[in-house]
>>> print(open('model.cif').read())   # mmCIF, C-alpha atoms
data_my_file
#
loop_
_atom_site.label_atom_id
_atom_site.label_comp_id
_atom_site.auth_asym_id
_atom_site.auth_seq_id
_atom_site.Cartn_x
_atom_site.Cartn_y
_atom_site.Cartn_z
CA MET A 1 105.62 130.80 113.99
CA LYS A 2 102.79 133.14 114.90
CA LEU A 3 100.23 131.24 116.95
CA ARG A 4 97.70 134.05 116.59
CA TYR A 5 97.02 132.93 112.99
CA ALA A 6 95.82 129.48 114.01
CA LYS A 7 92.71 127.39 113.77
CA ARG A 8 92.12 126.33 117.39
CA LEU A 9 90.30 123.10 118.17
CA ASP A 10 89.43 122.03 121.70
CA PHE A 11 88.18 118.47 122.15
CA THR A 12 88.40 118.66 125.95
CA GLY A 13 85.62 121.20 126.47
CA THR A 14 87.79 123.09 128.97
CA LEU A 15 89.07 126.05 126.96
CA ASP A 16 87.59 129.49 126.29
CA LYS A 17 84.78 129.17 123.74
CA GLN A 18 85.53 132.67 122.40
CA GLU A 19 88.99 131.66 121.19
CA TRP A 20 88.51 127.94 120.46
CA TYR A 21 86.17 125.79 118.38
CA SER A 22 84.82 123.02 120.57
CA PRO A 23 82.49 120.41 119.01
CA SER A 24 79.31 119.87 121.02
CA GLU A 25 79.98 116.16 121.56
CA GLY A 26 83.71 116.68 122.07
CA LEU A 27 84.40 114.51 119.03
CA TYR A 28 85.71 115.09 115.53
CA ASP A 29 82.74 115.91 113.27
CA GLN A 30 81.80 117.45 109.91
CA ALA A 31 82.06 120.98 111.33
CA THR A 32 85.63 120.17 112.39
CA LYS A 33 86.43 119.03 108.85
CA ASP A 34 84.90 122.17 107.39
CA LEU A 35 86.82 124.44 109.77
CA ILE A 36 90.18 122.86 108.91
CA ARG A 37 89.47 122.80 105.16
CA ASN A 38 88.28 126.42 105.07
CA GLN A 39 90.64 128.61 103.02
CA ASP A 40 91.55 131.52 105.28
CA LYS A 41 94.65 133.23 106.66
CA ALA A 42 95.41 130.47 109.17
CA GLU A 43 99.04 129.33 109.18
CA LEU A 44 98.64 126.33 111.46
CA VAL A 45 96.18 124.22 113.42
CA ILE A 46 96.30 123.86 117.21
CA VAL A 47 94.52 120.76 118.51
CA VAL A 48 93.99 120.09 122.20
CA ASP A 49 92.68 116.57 122.70
CA ARG A 50 92.00 114.42 125.73
CA ALA A 51 94.79 111.88 126.29
CA TYR A 52 94.60 108.53 128.01
CA ASN A 53 97.33 106.41 129.64
CA CYS A 54 99.87 109.23 129.88
CA ALA A 55 102.94 108.33 131.93
CA ASP A 56 102.56 111.71 133.65
CA PRO A 57 98.82 112.35 133.97
CA SER A 58 99.35 115.66 135.74
CA GLN A 59 100.37 117.72 132.72
CA ALA A 60 99.83 118.25 129.03
CA HIS A 61 102.17 116.75 126.43
CA LEU A 62 103.31 118.17 123.11
CA VAL A 63 102.65 115.64 120.34
CA VAL A 64 105.64 115.00 118.07
CA ASP A 65 104.25 112.12 116.00
CA HIS A 66 101.32 109.71 115.85
CA ILE A 67 100.23 106.21 114.99
CA ASN A 68 96.85 106.02 113.24
CA LEU A 69 94.90 103.10 114.71
CA THR A 70 91.46 104.62 114.10
CA GLY A 71 90.69 102.43 111.11
CA ASP A 72 89.55 105.57 109.31
CA ASN A 73 90.89 108.29 107.04
CA PRO A 74 89.10 111.64 106.65
CA LEU A 75 90.31 111.89 103.05
CA VAL A 76 88.24 108.95 101.82
CA GLY A 77 85.99 109.95 98.92
CA PRO A 78 86.42 112.46 96.11
CA ASN A 79 89.43 114.73 96.53
CA ASP A 80 89.04 118.49 96.58
CA ASN A 81 92.16 119.61 94.71
CA ALA A 82 91.53 123.20 95.79
CA VAL A 83 92.24 122.13 99.38
CA GLY A 84 95.24 119.92 98.74
CA PRO A 85 96.72 116.79 97.13
CA ARG A 86 95.06 113.39 97.48
CA PHE A 87 98.03 111.98 99.40
CA PRO A 88 99.48 114.76 101.57
CA VAL A 89 102.93 114.49 103.07
CA VAL A 90 102.58 114.03 106.83
CA ASN A 91 106.27 113.79 107.72
CA ASN A 92 107.24 116.53 110.17
CA ILE A 93 103.69 117.92 110.24
CA TYR A 94 103.83 118.41 114.03
CA LEU A 95 105.61 121.52 115.21
CA CYS A 96 108.20 120.89 117.92
CA SER A 97 108.84 123.22 120.83
CA ALA A 98 111.73 124.94 119.02
CA ASP A 99 109.35 125.85 116.17
CA LEU A 100 107.03 127.52 118.67
CA ILE A 101 109.51 130.03 120.05
CA ASP A 102 108.46 133.48 118.93
CA GLN A 103 110.39 136.52 120.12
CA GLU A 104 107.27 138.70 120.05
CA GLU A 105 104.71 136.29 121.41
CA THR A 106 105.94 133.47 123.64
CA TRP A 107 109.51 134.37 124.50
CA SER A 108 108.44 137.08 126.96
CA ILE A 109 106.45 134.55 129.01
CA GLY A 110 109.19 131.93 129.05
CA ASN A 111 108.03 129.79 126.10
CA PRO A 112 105.73 127.53 128.16
CA LEU A 113 105.11 125.23 125.18
CA GLY A 114 108.82 124.42 125.12
CA LYS A 115 108.59 123.11 128.69
CA LEU A 116 106.00 120.45 127.92
CA PRO A 117 107.06 116.81 127.81
CA THR A 118 106.73 115.35 124.33
CA GLY A 119 105.17 112.13 123.16
CA ILE A 120 103.74 110.02 120.37
CA ALA A 121 99.95 109.79 120.20
CA ALA A 122 98.07 106.69 119.13
CA GLY A 123 94.82 107.67 117.47
CA VAL A 124 92.06 105.18 118.25
CA LYS A 125 88.39 105.02 117.29
CA ALA A 126 86.24 107.39 119.34
CA GLY A 127 84.89 105.82 122.49
CA VAL A 128 87.29 102.87 122.57
CA ARG A 129 88.94 102.34 125.94
CA LEU A 130 92.03 100.18 125.67
CA ASP A 131 92.36 97.45 128.29
CA ASP A 132 95.78 96.71 129.82
CA GLN A 133 96.75 94.12 127.22
CA GLU A 134 95.68 96.34 124.30
CA TRP A 135 97.52 99.30 125.81
CA GLN A 136 100.71 97.26 126.17
CA THR A 137 100.46 96.32 122.49
CA VAL A 138 99.92 99.94 121.42
CA LYS A 139 102.72 101.09 123.73
CA GLY A 140 104.95 98.45 122.13
CA LEU A 141 104.33 100.17 118.79
CA GLY A 142 105.85 103.34 120.24
CA ALA A 143 102.84 105.27 121.57
CA ASP A 144 103.09 107.26 124.79
CA PHE A 145 99.32 107.82 125.14
CA TYR A 146 96.18 107.53 123.05
CA CYS A 147 93.47 109.96 121.96
CA TYR A 148 90.41 110.11 119.71
CA ASN A 149 90.51 113.27 117.57
CA LEU A 150 94.04 114.52 117.04
CA VAL A 151 95.12 112.14 114.27
CA GLN A 152 92.05 112.81 112.10
CA CYS A 153 92.58 116.56 112.45
CA MET A 154 96.26 116.22 111.61
CA ILE A 155 95.49 114.33 108.39
CA LEU A 156 93.08 117.08 107.32
CA ALA A 157 95.59 119.79 108.26
CA ALA A 158 98.27 118.03 106.19
CA HIS A 159 95.81 117.90 103.28
CA ARG A 160 95.37 121.66 103.63
CA GLY A 161 99.17 122.14 103.98
CA LEU A 162 99.04 123.39 107.56
CA PRO A 163 101.43 122.35 110.33
CA VAL A 164 99.93 121.15 113.62
CA VAL A 165 100.54 121.91 117.27
CA GLY A 166 99.15 118.84 119.00
CA ILE A 167 98.55 119.02 122.73
CA ALA A 168 97.47 115.91 124.61
CA LEU A 169 95.69 116.82 127.83
CA PRO A 170 95.24 113.94 130.30
CA GLU A 171 91.90 113.49 132.05
CA GLY A 172 91.68 115.85 135.02
CA ALA A 173 94.66 117.97 133.89
CA GLN A 174 94.32 121.62 132.94
CA LEU A 175 96.43 123.94 130.84
CA ASP A 176 98.04 126.53 133.10
CA GLU A 177 97.58 130.26 132.61
CA GLN A 178 100.92 130.80 130.84
CA MET A 179 100.13 127.99 128.42
CA MET A 180 96.74 129.51 127.62
CA ILE A 181 98.34 132.90 127.01
CA ALA A 182 100.89 131.33 124.66
CA LEU A 183 98.21 129.49 122.68
CA VAL A 184 95.95 132.47 122.04
CA ARG A 185 98.53 135.18 121.41
#
>>> encode(input="model.cif", output="structure tokens")
Amino acid sequence: MKLRYAKRLDFTGTLDKQEWYSPSEGLYDQATKDLIRNQDKAELVIVVDRAYNCADPSQAHLVVDHINLTGDNPLVGPNDNAVGPRFPVVNNIYLCSADLIDQEETWSIGNPLGKLPTGIAAGVKAGVRLDDQEWQTVKGLGADFYCYNLVQCMILAAHRGLPVVGIALPEGAQLDEQMMIALVR
């Protein structure tokens, strides 16, 4: 999978603005929808979103699945058949680390994406901070952390037929240099 042909979305505000689209409020918005829906040569969508309640808050996690608890769906309303089907298949939409190995691009730097811990993201409504009891309930559903933007972007990417590389970045954590190189190659 060639990561260079990707739509790159940064909801953390910490990545290079030349290479990444970063909404001004750091939240999923109409411009985000338009970017994902745009018919271009992109082969996948990379989403870096802030993550909360990670077991290991010192490093990023590769998202392998999600639970949508946002109470919203970006596909509500008239369907644009030119973009994709009304009810897109979302099974296996997230690329795993093995899918991200590329002999030309990431192999030479040790495939840093393959070294990330993996987890299941719970998508919650923007701005909601889960208290301990709520977090325990969400964790009981299988979530490893929660975030605000990733799930909405994934649904739109699935509608467009694009796989997703989801990266959950805990508060205060940064992507290391090798990771940044891998994501923009």
>>> closest_residue(input="model.cif", among="A:Asp144, A:Leu35, A:Asn53, A:Val45", to="Arg129 of chain A", atoms="all atoms listed in the file")
A:Asn53
>>> closest_residue(input="model.cif", among="A:Tyr28, A:Tyr94, A:Tyr21, A:Tyr52", to="Pro170 of chain A", atoms="all atoms listed in the file")
A:Tyr52
>>> atom_distance(input="model.cif", atom1="atom CA of Ile67 of chain A", atom2="atom CA of Gln174 of chain A")
24.4 Å
>>> residues_around(input="model.cif", residues="Val165 of chain A", least_positions_apart="2", cutoff="8 Å", atoms="only C-alpha atoms", output="ChimeraX atom specification")
/A:44-47,62-63,94-96,163,167
>>> closest_residue(input="model.cif", among="A:Ala173, A:Val90, A:Val64, A:Leu183", to="Leu113 of chain A", atoms="all atoms listed in the file")
A:Leu183
>>> atom_distance(input="model.cif", atom1="atom CA of Asn38 of chain A", atom2="atom CA of Met179 of chain A")
26.2 Å
>>> atom_distance(input="model.cif", atom1="atom CA of Val128 of chain A", atom2="atom CA of Tyr148 of chain A")
8.4 Å
>>> closest_residue(input="model.cif", among="A:Lys17, A:His66, A:Lys7, A:Lys41", to="Tyr146 of chain A", atoms="only C-alpha atoms")
A:His66
>>> residues_around(input="model.cif", residues="Ala55 of chain A", least_positions_apart="2", cutoff="12 Å", atoms="all atoms listed in the file", output="CSV table (one decimal) with C-alpha atoms, in the frame of the given file")
chain,number,residue,atom,x,y,z
A,51,ALA,CA,94.8,111.9,126.3
A,52,TYR,CA,94.6,108.5,128.0
A,53,ASN,CA,97.3,106.4,129.6
A,57,PRO,CA,98.8,112.4,134.0
A,58,SER,CA,99.4,115.7,135.7
A,59,GLN,CA,100.4,117.7,132.7
A,60,ALA,CA,99.8,118.2,129.0
A,61,HIS,CA,102.2,116.8,126.4
A,117,PRO,CA,107.1,116.8,127.8
A,118,THR,CA,106.7,115.4,124.3
A,119,GLY,CA,105.2,112.1,123.2
A,120,ILE,CA,103.7,110.0,120.4
A,139,LYS,CA,102.7,101.1,123.7
A,143,ALA,CA,102.8,105.3,121.6
A,144,ASP,CA,103.1,107.3,124.8
A,145,PHE,CA,99.3,107.8,125.1
A,146,TYR,CA,96.2,107.5,123.0
A,168,ALA,CA,97.5,115.9,124.6
A,169,LEU,CA,95.7,116.8,127.8
A,170,PRO,CA,95.2,113.9,130.3
>>> closest_residue(input="model.cif", among="A:Glu19, A:Met154, A:Ser24, A:Lys125", to="Leu75 of chain A", atoms="only C-alpha atoms")
A:Met154
>>> residues_around(input="model.cif", residues="Asn149 of chain A", least_positions_apart="2", cutoff="7 Å", atoms="only C-alpha atoms", output="list in words")
Leu27, Tyr28, Asp49, Cys147, Val151, Gln152 and Cys153 of chain A
>>> resolve_selection(input="model.cif", expression="the PyMOL selection byres ((chain A and resi 20) around 10)", output="count of residues only")
20
>>> closest_residue(input="model.cif", among="A:Gly140, A:Gly114, A:Gly123, A:Pro88", to="Asn68 of chain A", atoms="all atoms listed in the file")
A:Gly123
>>> residues_around(input="model.cif", residues="Pro85 of chain A", least_positions_apart="5", cutoff="8 Å", atoms="all atoms listed in the file", output="list in words")
Asn79, Asp80 and His159 of chain A
